[in-house]
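J.: model_8.cif is reproduced below (mmCIF, C-alpha atoms (C1' of nucleotides)).
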```cif
data_entry
loop_
_atom_site.group_PDB
_atom_site.id
_atom_site.type_symbol
_atom_site.label_atom_id
_atom_site.label_comp_id
_atom_site.auth_asym_id
_atom_site.auth_seq_id
_atom_site.Cartn_x
_atom_site.Cartn_y
_atom_site.Cartn_z
ATOM 1 C CA MET R 17 209.636 68.985 -68.291
ATOM 2 C CA THR R 18 208.311 65.477 -67.976
ATOM 3 C CA THR R 19 208.122 64.620 -71.656
ATOM 4 C CA GLU R 20 211.608 63.162 -71.706
ATOM 5 C CA ALA R 21 212.206 59.730 -73.128
ATOM 6 C CA LEU R 22 212.079 57.407 -70.172
ATOM 7 C CA VAL R 23 214.647 54.808 -71.131
ATOM 8 C CA PRO R 24 217.567 57.232 -70.638
ATOM 9 C CA VAL R 25 216.121 58.084 -67.238
ATOM 10 C CA PHE R 26 216.284 54.441 -66.219
ATOM 11 C CA ALA R 27 219.759 54.140 -67.652
ATOM 12 C CA ALA R 28 220.734 57.092 -65.464
ATOM 13 C CA LEU R 29 219.154 55.422 -62.438
ATOM 14 C CA GLY R 30 220.914 52.138 -63.137
ATOM 15 C CA ASP R 31 224.198 53.151 -61.532
ATOM 16 C CA GLU R 32 225.117 52.931 -57.851
ATOM 17 C CA THR R 33 227.405 55.945 -57.881
ATOM 18 C CA ARG R 34 224.671 58.142 -59.300
ATOM 19 C CA TRP R 35 222.363 56.999 -56.512
ATOM 20 C CA SER R 36 225.048 58.001 -54.023
ATOM 21 C CA ILE R 37 225.111 61.420 -55.638
ATOM 22 C CA LEU R 38 221.333 61.696 -55.602
ATOM 23 C CA ALA R 39 221.241 60.626 -51.978
ATOM 24 C CA ALA R 40 223.865 63.225 -51.070
ATOM 25 C CA LEU R 41 221.972 65.910 -52.969
ATOM 26 C CA GLY R 42 218.819 64.803 -51.191
ATOM 27 C CA GLU R 43 220.304 66.237 -48.020
ATOM 28 C CA GLY R 44 220.756 69.612 -49.644
ATOM 29 C CA GLU R 45 222.237 71.368 -52.639
ATOM 30 C CA ALA R 46 225.916 70.869 -53.318
ATOM 31 C CA SER R 47 228.602 71.562 -55.897
ATOM 32 C CA ALA R 48 230.606 68.922 -57.722
ATOM 33 C CA SER R 49 233.655 69.677 -55.597
ATOM 34 C CA ALA R 50 231.657 69.422 -52.381
ATOM 35 C CA LEU R 51 230.311 66.047 -53.482
ATOM 36 C CA ALA R 52 233.809 64.898 -54.379
ATOM 37 C CA GLY R 53 234.745 65.477 -50.762
ATOM 38 C CA ARG R 54 232.010 63.136 -49.553
ATOM 39 C CA LEU R 55 232.202 60.375 -52.155
ATOM 40 C CA PRO R 56 235.089 58.032 -53.032
ATOM 41 C CA VAL R 57 235.374 59.234 -56.632
ATOM 42 C CA SER R 58 237.085 62.120 -58.342
ATOM 43 C CA ARG R 59 235.412 65.457 -59.008
ATOM 44 C CA GLN R 60 235.478 64.888 -62.765
ATOM 45 C CA ALA R 61 233.709 61.579 -62.421
ATOM 46 C CA ILE R 62 231.021 63.295 -60.373
ATOM 47 C CA ALA R 63 230.798 66.083 -62.938
ATOM 48 C CA LYS R 64 230.094 63.525 -65.654
ATOM 49 C CA HIS R 65 227.428 61.860 -63.540
ATOM 50 C CA LEU R 66 225.831 65.214 -62.807
ATOM 51 C CA ALA R 67 225.770 65.967 -66.530
ATOM 52 C CA VAL R 68 223.965 62.675 -67.151
ATOM 53 C CA LEU R 69 221.503 63.312 -64.343
ATOM 54 C CA GLU R 70 220.826 66.844 -65.541
ATOM 55 C CA GLU R 71 220.370 65.593 -69.108
ATOM 56 C CA VAL R 72 217.438 63.439 -68.044
ATOM 57 C CA GLY R 73 215.984 66.027 -65.697
ATOM 58 C CA LEU R 74 216.712 64.284 -62.405
ATOM 59 C CA VAL R 75 218.859 67.184 -61.278
ATOM 60 C CA GLU R 76 219.079 70.881 -62.020
ATOM 61 C CA SER R 77 222.019 73.268 -61.739
ATOM 62 C CA LEU R 78 222.319 76.832 -60.503
ATOM 63 C CA ARG R 79 225.356 79.006 -60.951
ATOM 64 C CA ALA R 80 226.410 80.768 -57.761
ATOM 65 C CA GLY R 81 229.391 82.864 -58.712
ATOM 66 C CA ARG R 82 232.291 80.610 -59.498
ATOM 67 C CA GLU R 83 230.606 77.464 -58.319
ATOM 68 C CA VAL R 84 227.700 75.451 -59.699
ATOM 69 C CA ARG R 85 225.286 74.024 -57.178
ATOM 70 C CA TYR R 86 223.118 71.038 -58.004
ATOM 71 C CA ARG R 87 219.686 70.182 -56.677
ATOM 72 C CA VAL R 88 217.661 67.020 -56.983
ATOM 73 C CA VAL R 89 214.334 67.209 -58.844
ATOM 74 C CA GLY R 90 211.852 65.017 -57.005
ATOM 75 C CA ALA R 91 209.101 65.800 -59.494
ATOM 76 C CA GLN R 92 210.942 64.010 -62.277
ATOM 77 C CA LEU R 93 211.224 60.897 -60.139
ATOM 78 C CA GLU R 94 207.539 60.992 -59.366
ATOM 79 C CA ALA R 95 206.620 61.531 -63.009
ATOM 80 C CA THR R 96 208.739 58.546 -63.981
ATOM 81 C CA ALA R 97 207.123 56.510 -61.224
ATOM 82 C CA ARG R 98 203.660 57.348 -62.546
ATOM 83 C CA ARG R 99 204.540 56.305 -66.066
ATOM 84 C CA LEU R 100 206.044 53.069 -64.808
ATOM 85 C CA ASP R 101 202.949 52.338 -62.777
ATOM 86 C CA ALA R 102 200.710 52.989 -65.781
ATOM 87 C CA ILE R 103 202.645 50.531 -67.908
ATOM 88 C CA GLY R 104 202.565 47.906 -65.184
ATOM 89 C CA ALA R 105 198.821 48.363 -64.851
ATOM 90 C CA LEU R 106 198.404 47.929 -68.590
ATOM 91 C CA TRP R 107 200.259 44.645 -68.524
ATOM 92 C CA ASP R 108 198.328 43.469 -65.531
ATOM 93 C CA ARG R 109 195.063 44.342 -67.238
ATOM 94 C CA ARG R 110 196.036 42.306 -70.277
ATOM 95 C CA LEU R 111 196.880 39.320 -68.107
ATOM 96 C CA VAL R 112 193.527 39.692 -66.404
ATOM 97 C CA ASP R 113 191.813 39.751 -69.781
ATOM 98 C CA ILE R 114 193.550 36.559 -70.833
ATOM 99 C CA LYS R 115 192.557 34.915 -67.587
ATOM 100 C CA ARG R 116 188.947 35.996 -68.042
ATOM 101 C CA ILE R 117 188.943 34.641 -71.569
ATOM 102 C CA ALA R 118 190.373 31.341 -70.384
ATOM 103 C CA GLU R 119 187.766 31.072 -67.654
ATOM 104 C CA SER R 120 184.960 31.689 -70.124
ATOM 105 C CA LEU R 121 185.873 28.659 -72.223
ATOM 106 C CA MET U 23 209.231 38.893 -54.557
ATOM 107 C CA THR U 24 209.521 42.661 -54.418
ATOM 108 C CA THR U 25 212.431 42.896 -52.019
ATOM 109 C CA GLU U 26 214.981 42.960 -54.826
ATOM 110 C CA ALA U 27 217.604 45.655 -54.972
ATOM 111 C CA LEU U 28 216.185 48.344 -57.183
ATOM 112 C CA VAL U 29 219.279 49.637 -58.929
ATOM 113 C CA PRO U 30 219.667 46.445 -61.025
ATOM 114 C CA VAL U 31 216.009 46.771 -61.980
ATOM 115 C CA PHE U 32 216.660 50.239 -63.371
ATOM 116 C CA ALA U 33 219.772 49.014 -65.116
ATOM 117 C CA ALA U 34 217.625 46.336 -66.736
ATOM 118 C CA LEU U 35 215.081 48.955 -67.783
ATOM 119 C CA GLY U 36 217.789 51.209 -69.219
ATOM 120 C CA ASP U 37 218.021 49.372 -72.531
ATOM 121 C CA GLU U 38 215.868 49.908 -75.610
ATOM 122 C CA THR U 39 216.055 46.319 -76.806
ATOM 123 C CA ARG U 40 214.804 45.043 -73.469
ATOM 124 C CA TRP U 41 211.848 47.410 -73.715
ATOM 125 C CA SER U 42 211.116 45.988 -77.141
ATOM 126 C CA ILE U 43 211.121 42.549 -75.584
ATOM 127 C CA LEU U 44 208.892 43.654 -72.724
ATOM 128 C CA ALA U 45 206.511 45.325 -75.156
ATOM 129 C CA ALA U 46 206.342 42.173 -77.268
ATOM 130 C CA LEU U 47 205.742 40.049 -74.171
ATOM 131 C CA GLY U 48 203.067 42.500 -73.132
ATOM 132 C CA GLU U 49 200.988 41.231 -76.028
ATOM 133 C CA GLY U 50 201.216 37.683 -74.750
ATOM 134 C CA GLU U 51 203.640 35.006 -73.661
ATOM 135 C CA ALA U 52 206.372 34.056 -76.090
ATOM 136 C CA SER U 53 209.539 31.981 -76.359
ATOM 137 C CA ALA U 54 212.981 33.346 -77.119
ATOM 138 C CA SER U 55 212.809 31.956 -80.641
ATOM 139 C CA ALA U 56 209.396 33.482 -81.256
ATOM 140 C CA LEU U 57 210.707 36.858 -80.079
ATOM 141 C CA ALA U 58 213.733 36.506 -82.327
ATOM 142 C CA GLY U 59 211.322 36.269 -85.254
ATOM 143 C CA ARG U 60 209.777 39.611 -84.366
ATOM 144 C CA LEU U 61 212.823 41.597 -83.308
ATOM 145 C CA PRO U 62 215.917 42.536 -85.310
ATOM 146 C CA VAL U 63 218.333 40.694 -83.018
ATOM 147 C CA SER U 64 219.534 37.125 -82.735
ATOM 148 C CA ARG U 65 217.881 34.548 -80.493
ATOM 149 C CA GLN U 66 220.931 34.354 -78.246
ATOM 150 C CA ALA U 67 220.922 38.086 -77.696
ATOM 151 C CA ILE U 68 217.274 37.855 -76.687
ATOM 152 C CA ALA U 69 218.037 34.922 -74.421
ATOM 153 C CA LYS U 70 220.625 37.032 -72.593
ATOM 154 C CA HIS U 71 218.170 39.895 -72.217
ATOM 155 C CA LEU U 72 215.508 37.524 -70.904
ATOM 156 C CA ALA U 73 217.983 36.196 -68.359
ATOM 157 C CA VAL U 74 218.649 39.737 -67.163
ATOM 158 C CA LEU U 75 214.945 40.551 -66.991
ATOM 159 C CA GLU U 76 214.188 37.352 -65.117
ATOM 160 C CA GLU U 77 217.051 38.022 -62.720
ATOM 161 C CA VAL U 78 215.399 41.243 -61.545
ATOM 162 C CA GLY U 79 211.898 39.807 -61.525
ATOM 163 C CA LEU U 80 210.462 41.729 -64.464
ATOM 164 C CA VAL U 81 209.759 38.486 -66.299
ATOM 165 C CA GLU U 82 209.098 34.878 -65.390
ATOM 166 C CA SER U 83 209.637 31.699 -67.379
ATOM 167 C CA LEU U 84 207.580 28.540 -67.816
ATOM 168 C CA ARG U 85 208.802 25.368 -69.464
ATOM 169 C CA ALA U 86 206.377 23.916 -72.001
ATOM 170 C CA GLY U 87 207.978 20.809 -73.376
ATOM 171 C CA ARG U 88 210.996 21.704 -75.427
ATOM 172 C CA GLU U 89 210.312 25.412 -75.373
ATOM 173 C CA VAL U 90 210.468 28.016 -72.616
ATOM 174 C CA ARG U 91 207.762 30.649 -72.632
ATOM 175 C CA TYR U 92 208.273 34.017 -70.959
ATOM 176 C CA ARG U 93 205.688 36.265 -69.371
ATOM 177 C CA VAL U 94 205.943 39.847 -68.177
ATOM 178 C CA VAL U 95 205.426 40.538 -64.461
ATOM 179 C CA GLY U 96 203.451 43.768 -64.142
ATOM 180 C CA ALA U 97 203.511 43.598 -60.355
ATOM 181 C CA GLN U 98 207.260 44.068 -60.276
ATOM 182 C CA LEU U 99 206.954 47.212 -62.372
ATOM 183 C CA GLU U 100 204.295 48.587 -60.096
ATOM 184 C CA ALA U 101 206.309 47.786 -56.983
ATOM 185 C CA THR U 102 209.304 49.574 -58.471
ATOM 186 C CA ALA U 103 207.076 52.523 -59.372
ATOM 187 C CA ARG U 104 205.844 52.769 -55.794
ATOM 188 C CA ARG U 105 209.351 52.790 -54.394
ATOM 189 C CA LEU U 106 210.401 55.426 -56.893
ATOM 190 C CA ASP U 107 207.437 57.581 -55.999
ATOM 191 C CA ALA U 108 208.208 57.283 -52.288
ATOM 192 C CA ILE U 109 211.770 58.463 -52.814
ATOM 193 C CA GLY U 110 210.623 61.374 -54.941
ATOM 194 C CA ALA U 111 208.143 62.368 -52.273
ATOM 195 C CA LEU U 112 210.879 62.276 -49.632
ATOM 196 C CA TRP U 113 213.044 64.591 -51.652
ATOM 197 C CA ASP U 114 210.159 66.912 -52.318
ATOM 198 C CA ARG U 115 209.318 67.013 -48.637
ATOM 199 C CA ARG U 116 212.864 67.970 -47.794
ATOM 200 C CA LEU U 117 212.818 70.778 -50.337
ATOM 201 C CA VAL U 118 209.573 71.991 -48.826
ATOM 202 C CA ASP U 119 211.159 71.969 -45.383
ATOM 203 C CA ILE U 120 214.083 74.019 -46.594
ATOM 204 C CA LYS U 121 211.739 76.484 -48.203
ATOM 205 C CA ARG U 122 209.712 76.774 -45.021
ATOM 206 C CA ILE U 123 212.858 77.385 -43.016
ATOM 207 C CA ALA U 124 213.964 80.054 -45.448
ATOM 208 C CA GLU U 125 210.593 81.784 -45.262
ATOM 209 C CA SER U 126 210.677 81.838 -41.472
ATOM 210 C CA LEU U 127 213.874 83.880 -41.402
ATOM 211 C "C1'" DC X 7 214.552 6.124 -86.123
ATOM 212 C "C1'" DC X 8 215.414 10.472 -88.298
ATOM 213 C "C1'" DT X 9 214.671 15.040 -88.780
ATOM 214 C "C1'" DA X 10 212.950 19.605 -87.324
ATOM 215 C "C1'" DT X 11 213.007 22.959 -84.173
ATOM 216 C "C1'" DG X 12 214.038 25.107 -79.707
ATOM 217 C "C1'" DT X 13 217.620 25.732 -75.975
ATOM 218 C "C1'" DG X 14 221.999 25.953 -73.843
ATOM 219 C "C1'" DC X 15 226.919 26.838 -73.703
ATOM 220 C "C1'" DA X 16 231.175 29.039 -75.163
ATOM 221 C "C1'" DA X 17 234.296 32.125 -77.410
ATOM 222 C "C1'" DC X 18 234.917 36.336 -79.807
ATOM 223 C "C1'" DT X 19 234.330 41.240 -81.332
ATOM 224 C "C1'" DG X 20 233.130 46.129 -80.860
ATOM 225 C "C1'" DA X 21 231.415 49.992 -78.712
ATOM 226 C "C1'" DG X 22 230.106 52.585 -74.812
ATOM 227 C "C1'" DG X 23 230.729 54.187 -70.231
ATOM 228 C "C1'" DG X 24 232.878 54.766 -65.583
ATOM 229 C "C1'" DG X 25 237.012 56.341 -63.849
ATOM 230 C "C1'" DT X 26 241.428 58.621 -63.844
ATOM 231 C "C1'" DT X 27 245.130 62.354 -64.527
ATOM 232 C "C1'" DG X 28 246.696 66.718 -66.419
ATOM 233 C "C1'" DC X 29 246.104 71.220 -67.866
ATOM 234 C "C1'" DA X 30 243.593 75.464 -69.128
ATOM 235 C "C1'" DT X 31 240.178 78.844 -67.635
ATOM 236 C "C1'" DT X 32 237.325 81.594 -64.906
ATOM 237 C "C1'" DG X 33 235.809 84.002 -60.967
ATOM 238 C "C1'" DA X 34 236.310 85.380 -55.764
ATOM 239 C "C1'" DC X 35 239.006 87.639 -52.464
ATOM 240 C "C1'" DC X 36 242.985 89.960 -50.234
ATOM 241 C "C1'" DG C 20 246.974 92.671 -59.713
ATOM 242 C "C1'" DG C 21 248.072 88.231 -57.787
ATOM 243 C "C1'" DT C 22 246.657 84.077 -55.752
ATOM 244 C "C1'" DC C 23 243.750 80.322 -54.773
ATOM 245 C "C1'" DA C 24 239.677 77.481 -55.411
ATOM 246 C "C1'" DA C 25 236.120 75.752 -58.566
ATOM 247 C "C1'" DT C 26 234.920 74.511 -63.057
ATOM 248 C "C1'" DG C 27 235.704 72.952 -67.969
ATOM 249 C "C1'" DC C 28 238.006 70.335 -71.470
ATOM 250 C "C1'" DA C 29 240.600 66.530 -73.361
ATOM 251 C "C1'" DA C 30 242.991 62.341 -73.711
ATOM 252 C "C1'" DC C 31 243.493 57.969 -71.976
ATOM 253 C "C1'" DC C 32 242.716 53.070 -69.633
ATOM 254 C "C1'" DC C 33 239.870 49.321 -68.506
ATOM 255 C "C1'" DC C 34 236.056 46.706 -68.040
ATOM 256 C "C1'" DT C 35 231.428 45.667 -68.789
ATOM 257 C "C1'" DC C 36 227.939 44.502 -71.949
ATOM 258 C "C1'" DA C 37 225.189 44.060 -76.251
ATOM 259 C "C1'" DG C 38 225.521 41.383 -80.134
ATOM 260 C "C1'" DT C 39 227.382 37.834 -83.085
ATOM 261 C "C1'" DT C 40 228.646 33.003 -84.795
ATOM 262 C "C1'" DG C 41 229.297 28.144 -84.086
ATOM 263 C "C1'" DC C 42 228.290 23.953 -82.133
ATOM 264 C "C1'" DA C 43 226.275 20.575 -78.818
ATOM 265 C "C1'" DC C 44 222.055 18.898 -76.637
ATOM 266 C "C1'" DA C 45 217.218 17.816 -76.089
ATOM 267 C "C1'" DT C 46 212.521 17.038 -77.635
ATOM 268 C "C1'" DA C 47 208.270 16.950 -80.708
ATOM 269 C "C1'" DG C 48 206.512 14.678 -84.970
ATOM 270 C "C1'" DG C 49 206.583 12.165 -89.180
#
```
For this file, write the structure as structure tokens.

T.:
Amino acid sequence: MTTEALVPVFAALGDETRWSILAALGEGEASASALAGRLPVSRQAIAKHLAVLEEVGLVESLRAGREVRYRVVGAQLEATARRLDAIGALWDRRLVDIKRIAESL
Amino acid sequence: MTTEALVPVFAALGDETRWSILAALGEGEASASALAGRLPVSRQAIAKHLAVLEEVGLVESLRAGREVRYRVVGAQLEATARRLDAIGALWDRRLVDIKRIAESL
DNA sequence: CCTATGTGCAACTGAGGGGTTGCATTGACC
DNA sequence: GGTCAATGCAACCCCTCAGTTGCACATAGG
């Protein structure tokens, strides 16, 4: 569930409208139509965004009769955050190494 | 230095070529021309990417005579990771609250 | 001084993505 | 069964952006 490629996740997070959707979903599950009532974009636009978000695991869907409710997946955000932090630490470590080498000259 | 809007940072991270650049810079400082020798894109394309990365604080530049060397900023990645983790935790907490409410019925 | 190399600026092209409208379909409810 | 609301699908527009080429400018080195 967390083995997804991470670049597409960032691409998904690099859009203001999708953050609006995530923020709205953060206050509780909602369907595409319900979200369309709260955001200044059409239902189809929201449906596309939800498809993107679900593709990268930031959101999950549940059928409830004729409607499809979406829920935010905090775990995916946290997993992404951990990976990002690990990479940053790696880069920092390398810079530290270079500095140490320079100081030892 | 870490008070930047975070959506543009994710947009910057949502591109494979930019990750290639970051990975290459992770092995040490380099100029745009040097990077162009290692990556399958033109120098100007890399220059544009570096401008984007510098704009969001993921990279910093240093003039060295006639060339401009770029360096990755691990701290910015880590700061972004922390913010991401905080948001994920918020959403998780809310889901927990909902669950607790449901169980108390 | 002349040449090499590294940058910067500008214009252009092509593809992808955000957004829209319209229509078909499916399921809930009287 | 008929109606209404929610979803799904498809075509389309527009704009952004990644990438290119071409040329002008600056600087290190012989």

J.: Chain C residues within 10 Å of chain R, counting only C-alpha atoms (C1' of nucleotides): which ones, as a PDB file with C-alpha atoms (C1' of nucleotides), keeping the file's coordinate frame?

T.:
```
ATOM      1  C1'  DA C  24     239.677  77.481 -55.411  1.00  0.00           C
ATOM      2  C1'  DA C  25     236.120  75.752 -58.566  1.00  0.00           C
ATOM      3  C1'  DT C  26     234.920  74.511 -63.057  1.00  0.00           C
ATOM      4  C1'  DG C  27     235.704  72.952 -67.969  1.00  0.00           C
TER       5       DG C  27
END
```

J.: Between atom CA of U:Gly110 and atom CA of U:Val81, measure the distance and give it in Å to one decimal.

T.: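 Interatomic distance here is 25.6 Å.
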
J.: Any chance you could work out the residue set of the PyMOL selection byres ((chain X) within 10 of (chain U)) here, as a list in words?

T.: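 Given this file, the PyMOL selection byres ((chain X) within 10 of (chain U)) evaluates to DT11, DG12, DT13 and DG14 of chain X.
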
J.: For stretch 27-35 of chain C, I'd like the enclosing box, axis-aligned and padded by 8 Å on every side, reported as JSON with centre and edge lengths in Å to one decimal.

T.:
```
{"center_x": 237.5, "center_y": 59.3, "center_z": -70.8, "size_x": 28.1, "size_y": 43.3, "size_z": 21.7}
```

J.: On this structure, the PyMOL selection byres ((chain U) within 10 of (chain R)) would catch which residues? List them as a compact mmCIF listing (two decimals) with C-alpha atoms, in the coordinates of the input, sorted by chain and number.

T.:
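Wrote selection-v3.txt, looks like this:
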```txt
# COMPACT_ATOMS: atom_id res chain seq x y z
CA LEU U 28 216.18 48.34 -57.18
CA VAL U 29 219.28 49.64 -58.93
CA PRO U 30 219.67 46.44 -61.02
CA VAL U 31 216.01 46.77 -61.98
CA PHE U 32 216.66 50.24 -63.37
CA ALA U 33 219.77 49.01 -65.12
CA ALA U 34 217.62 46.34 -66.74
CA LEU U 35 215.08 48.96 -67.78
CA GLY U 36 217.79 51.21 -69.22
CA ASP U 37 218.02 49.37 -72.53
CA GLU U 38 215.87 49.91 -75.61
CA TRP U 41 211.85 47.41 -73.72
CA LEU U 44 208.89 43.65 -72.72
CA ALA U 45 206.51 45.32 -75.16
CA LEU U 47 205.74 40.05 -74.17
CA GLY U 48 203.07 42.50 -73.13
CA GLU U 49 200.99 41.23 -76.03
CA GLY U 50 201.22 37.68 -74.75
CA GLU U 51 203.64 35.01 -73.66
CA ARG U 93 205.69 36.26 -69.37
CA VAL U 94 205.94 39.85 -68.18
CA VAL U 95 205.43 40.54 -64.46
CA GLY U 96 203.45 43.77 -64.14
CA ALA U 97 203.51 43.60 -60.36
CA GLN U 98 207.26 44.07 -60.28
CA LEU U 99 206.95 47.21 -62.37
CA GLU U 100 204.30 48.59 -60.10
CA ALA U 101 206.31 47.79 -56.98
CA THR U 102 209.30 49.57 -58.47
CA ALA U 103 207.08 52.52 -59.37
CA ARG U 104 205.84 52.77 -55.79
CA ARG U 105 209.35 52.79 -54.39
CA LEU U 106 210.40 55.43 -56.89
CA ASP U 107 207.44 57.58 -56.00
CA ALA U 108 208.21 57.28 -52.29
CA ILE U 109 211.77 58.46 -52.81
CA GLY U 110 210.62 61.37 -54.94
CA ALA U 111 208.14 62.37 -52.27
CA LEU U 112 210.88 62.28 -49.63
CA TRP U 113 213.04 64.59 -51.65
CA ASP U 114 210.16 66.91 -52.32
CA ARG U 115 209.32 67.01 -48.64
CA ARG U 116 212.86 67.97 -47.79
CA LEU U 117 212.82 70.78 -50.34
CA ILE U 120 214.08 74.02 -46.59
```

J.: Have a look at atom CA of R:Leu55 and atom C1' of C:DC33 and let me know their distance in Å, one decimal.

T.: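 Atom C1' of C:DC33 lies at a distance of 21.2 Å from atom CA of R:Leu55.
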